[in-house]
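Notes follow the structure.
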Amino acid sequence: MITAERKPLDEIASCIEPYNRILLVGCNECVTVCAAGGRKEVAMLSSALQMVSMKQGKTLSVVEMTLERQCDPEYVESLALHIDGVDAVVSMACGCGVQEIARRFGQVRVFPAVNTKFMGASERAGVWAERCQGCGDCLLGLTGGICPIARCSKRLMNGPCGGSGDGKCEISGEVDCAWHLIWERMKALGIEDRYEEVISAKDWRPARGGGPRKIIREDLQ
Amino acid sequence: MEEFDPVIVAYCCHYCAYTAADMAGSMRLGYPPGIKIIRVPCTGKVDPLHVMRALMDGADGVLIAGCLKGDCHFKNGNIKALKRTAYLKQWMDEIGIESERVEMVMMSAGMGKQFVRIVTDFLDNIRLLGPCPKNTNQQSNRILSELV
């Protein structure tokens, strides 16, 4: 999923300071799963913003909505019924959702309420960790299902480096060494010999090196 | 000057604090009428949103009263409530409202006397803090909720 974290309340409140009526929009997908921008978080932020405004002796009207997906124009369209009645939109979706609303409703200011972080997985309740950087040329088949791009601090294609110790990365005792994990996985799979194969330098063009990316499927158009 | 009578919403676990409140009643022990008790099956059922909305809609303080550690009928609902209380206090700090307005307390079903003392002390503390949110002399903001 795409993970996100709520921005500091001060930052959000200062964005909407000039406005009296806002549309606060959550998303039912990734940000709901990582508890950053789902229906519940929309309600929490709405209450908080209204209390901030009450403290300042002002009145803030908040229309709360949570879309099935904020990155799909079909769902974003449903905001059209409410957009004329508000001064600004605050989105709790990832950057894709914020941009989709801004694209569709060019006449109104749109502010993000979360910082989009990374593509990750849930390690346990309340903990999410980075797992994928969307490099566009997946090599998980070579590395036992553990990604050195997303999980090695140096993104080494052949590791570990000298900073690996006791299975941890030198940047922090909290961070596993990805190449240590890869080696352990290869041993478990009985494919240690594959470790000897040198992985060639990565072509970063399919990643972000070739500019903004797009997928086009003629069969679906 | 007119004395401020705080409104306290107390989410009380059915298995402990609510029964303790009941016992206080049986013992003819009075406690302030500003304490509004809401019975919940477990404090683990109290969502942070319940607390936020209570404060926004007029409560001056919110008390979450659950079982003693190790005594939760649902194993660890009271521990979850403790963590959520800490989370709520962070929200309060961000909003600029005294975090003391939200507290979690733990007790057993037999602690009728203690229940009265705890809620009375909490209410007295809130009275010292004043109304929530401060500086507001306007009606509660209108919420337009539409969930899609």
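As shown in the structure tokens, the chain order sets the letters A, B, ...; within each chain, residues go from 1, and ligands are also counted from 1 in the order they appear.
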
| query | Residues of chain A within 12 Å of chain B, using only C-alpha atoms, as a ChimeraX atom specification? | reply | /A:6-13,20-28,38-70,75-76,78-79,81-82,85-86,125-126

| field | Ala178 (chain A) environment, 7 Å, only C-alpha atoms, sequence neighbours closer than 4 positions dropped, as a list in words | value | Pro148, Arg151, Cys152 and Ile182 of chain A

Could you take the residues named above and write them with all heavy atoms, as an mmCIF file, in the first residue's frame?
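Dumped to out_15.cif:
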```cif
data_model
loop_
_atom_site.group_PDB
_atom_site.id
_atom_site.type_symbol
_atom_site.label_atom_id
_atom_site.label_comp_id
_atom_site.auth_asym_id
_atom_site.auth_seq_id
_atom_site.Cartn_x
_atom_site.Cartn_y
_atom_site.Cartn_z
ATOM 1 N N PRO A 148 16.578 -5.258 -2.462
ATOM 2 C CA PRO A 148 17.729 -4.455 -2.032
ATOM 3 C C PRO A 148 17.576 -2.973 -2.402
ATOM 4 O O PRO A 148 18.273 -2.133 -1.846
ATOM 5 C CB PRO A 148 18.901 -5.098 -2.774
ATOM 6 C CG PRO A 148 18.302 -5.706 -3.994
ATOM 7 C CD PRO A 148 16.889 -6.101 -3.629
ATOM 8 N N ARG A 151 15.137 -1.820 0.565
ATOM 9 C CA ARG A 151 15.459 -2.156 1.951
ATOM 10 C C ARG A 151 16.935 -2.046 2.298
ATOM 11 O O ARG A 151 17.307 -2.154 3.475
ATOM 12 C CB ARG A 151 14.935 -3.556 2.251
ATOM 13 C CG ARG A 151 13.418 -3.597 2.052
ATOM 14 C CD ARG A 151 12.830 -4.963 2.248
ATOM 15 N NE ARG A 151 12.928 -5.415 3.636
ATOM 16 C CZ ARG A 151 12.392 -6.566 4.054
ATOM 17 N NH1 ARG A 151 11.744 -7.335 3.221
ATOM 18 N NH2 ARG A 151 12.520 -6.922 5.313
ATOM 19 N N CYS A 152 17.789 -1.857 1.291
ATOM 20 C CA CYS A 152 19.209 -1.603 1.585
ATOM 21 C C CYS A 152 19.390 -0.081 1.556
ATOM 22 O O CYS A 152 18.954 0.580 0.608
ATOM 23 C CB CYS A 152 20.102 -2.254 0.528
ATOM 24 S SG CYS A 152 21.831 -1.701 0.605
ATOM 25 N N ILE A 182 18.787 -11.302 2.614
ATOM 26 C CA ILE A 182 18.808 -12.010 1.331
ATOM 27 C C ILE A 182 19.656 -13.283 1.456
ATOM 28 O O ILE A 182 19.271 -14.363 1.006
ATOM 29 C CB ILE A 182 19.344 -11.083 0.214
ATOM 30 C CG1 ILE A 182 18.335 -9.963 -0.066
ATOM 31 C CG2 ILE A 182 19.652 -11.866 -1.055
ATOM 32 C CD1 ILE A 182 18.859 -8.843 -0.944
#
```

| When DSSP works through the backbone of this structure, what residues of region 56-181 of chain A end up as alpha helix (DSSP H), shown as a ChimeraX atom specification? | /A:73-76,80-83,95-104,148-151,178-181

For the residues selected in the previous step, produce a file with C-alpha atoms as a CSV table (one decimal), in the first residue's frame.
```
chain,number,residue,atom,x,y,z
A,73,PRO,CA,-11.9,10.4,-11.6
A,74,GLU,CA,-15.1,8.5,-11.4
A,75,TYR,CA,-15.1,8.8,-7.6
A,76,VAL,CA,-13.7,12.3,-7.5
A,80,ALA,CA,-18.9,18.2,-7.7
A,81,LEU,CA,-22.1,18.4,-5.7
A,82,HIS,CA,-20.3,20.0,-2.8
A,83,ILE,CA,-17.5,22.0,-4.3
A,95,GLY,CA,-0.5,12.8,-3.4
A,96,CYS,CA,-2.3,11.0,-6.2
A,97,GLY,CA,-5.6,11.8,-4.7
A,98,VAL,CA,-4.8,15.4,-3.9
A,99,GLN,CA,-3.7,16.0,-7.5
A,100,GLU,CA,-6.7,14.3,-8.9
A,101,ILE,CA,-9.0,16.7,-7.0
A,102,ALA,CA,-6.9,19.7,-8.0
A,103,ARG,CA,-7.0,18.5,-11.6
A,104,ARG,CA,-10.8,18.1,-11.6
A,148,PRO,CA,17.7,-4.5,-2.0
A,149,ILE,CA,16.5,-1.3,-3.7
A,150,ALA,CA,13.9,-0.5,-1.1
A,151,ARG,CA,15.5,-2.2,2.0
A,178,ALA,CA,18.7,-6.2,3.5
A,179,TRP,CA,21.6,-8.3,2.1
A,180,HIS,CA,21.9,-10.2,5.3
A,181,LEU,CA,18.2,-11.0,5.0
```

| request: Mind the document's chain letters and residue numbers, and return as JSON, numbers by chain the residues of chain B that DSSP labels strand (DSSP E or B). | output: {"B": [8, 9, 10, 11, 12, 13, 35, 36, 37, 38, 39, 40, 61, 62, 63, 64, 65, 66, 102, 103, 104, 105, 106, 143, 144, 145]}

Mind checking which residues fall within 12 Å of Cys138 (chain A), counting only C-alpha atoms, ignoring those fewer than 6 positions away in the same chain, and posting them as an mmCIF file with C-alpha atoms, in the first residue's frame?
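Resulting contents of selection_19.cif:
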```cif
data_model
loop_
_atom_site.group_PDB
_atom_site.id
_atom_site.type_symbol
_atom_site.label_atom_id
_atom_site.label_comp_id
_atom_site.auth_asym_id
_atom_site.auth_seq_id
_atom_site.Cartn_x
_atom_site.Cartn_y
_atom_site.Cartn_z
ATOM 1 C CA CYS A 132 9.085 -1.216 -2.726
ATOM 2 C CA GLY A 144 14.911 -14.356 -2.685
ATOM 3 C CA GLY A 145 11.940 -12.025 -2.502
ATOM 4 C CA ILE A 146 13.720 -9.296 -0.535
ATOM 5 C CA CYS A 147 14.247 -5.996 -2.302
ATOM 6 C CA PRO A 148 17.729 -4.455 -2.032
ATOM 7 C CA ILE A 149 16.484 -1.273 -3.706
ATOM 8 C CA ALA A 150 13.879 -0.518 -1.071
ATOM 9 C CA LYS A 202 20.827 -1.355 -12.657
ATOM 10 C CA ASP A 203 19.218 0.515 -15.505
ATOM 11 C CA TRP A 204 17.358 3.305 -13.739
ATOM 12 C CA PRO A 206 12.374 2.441 -15.974
ATOM 13 C CA ALA A 207 12.530 3.953 -12.489
#
```

| field | Interatomic distance, CA of Val105 (chain B) to CA of Cys67 (chain B) (Å, one decimal) | value | 8.3 Å

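Closest to Ile118 (chain B) among B:Asp60, B:Ala24, B:Ile79, B:Pro131 is B:Ala24, based on only C-alpha atoms.
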
| field | Option closest in space to Val198 (chain A), from A:Gly141, A:Gly210, A:Gly159, A:Gly37 [counting only C-alpha atoms] | value | A:Gly159

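With distances restricted to only C-alpha atoms, A:Val108 is the closest residue to Val89 (chain A) from A:Met1, A:Thr32, A:Arg208, A:Val108.
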
| message | Neighbouring residues of Glu197 (chain A) were defined as those with any atom within 12 Å, considering only C-alpha atoms; residues of the same chain fewer than 6 positions away were excluded. Please report them as a list in words. | response | Leu142, Thr143, Met157, Asn158, Gly159 and Ile191 of chain A
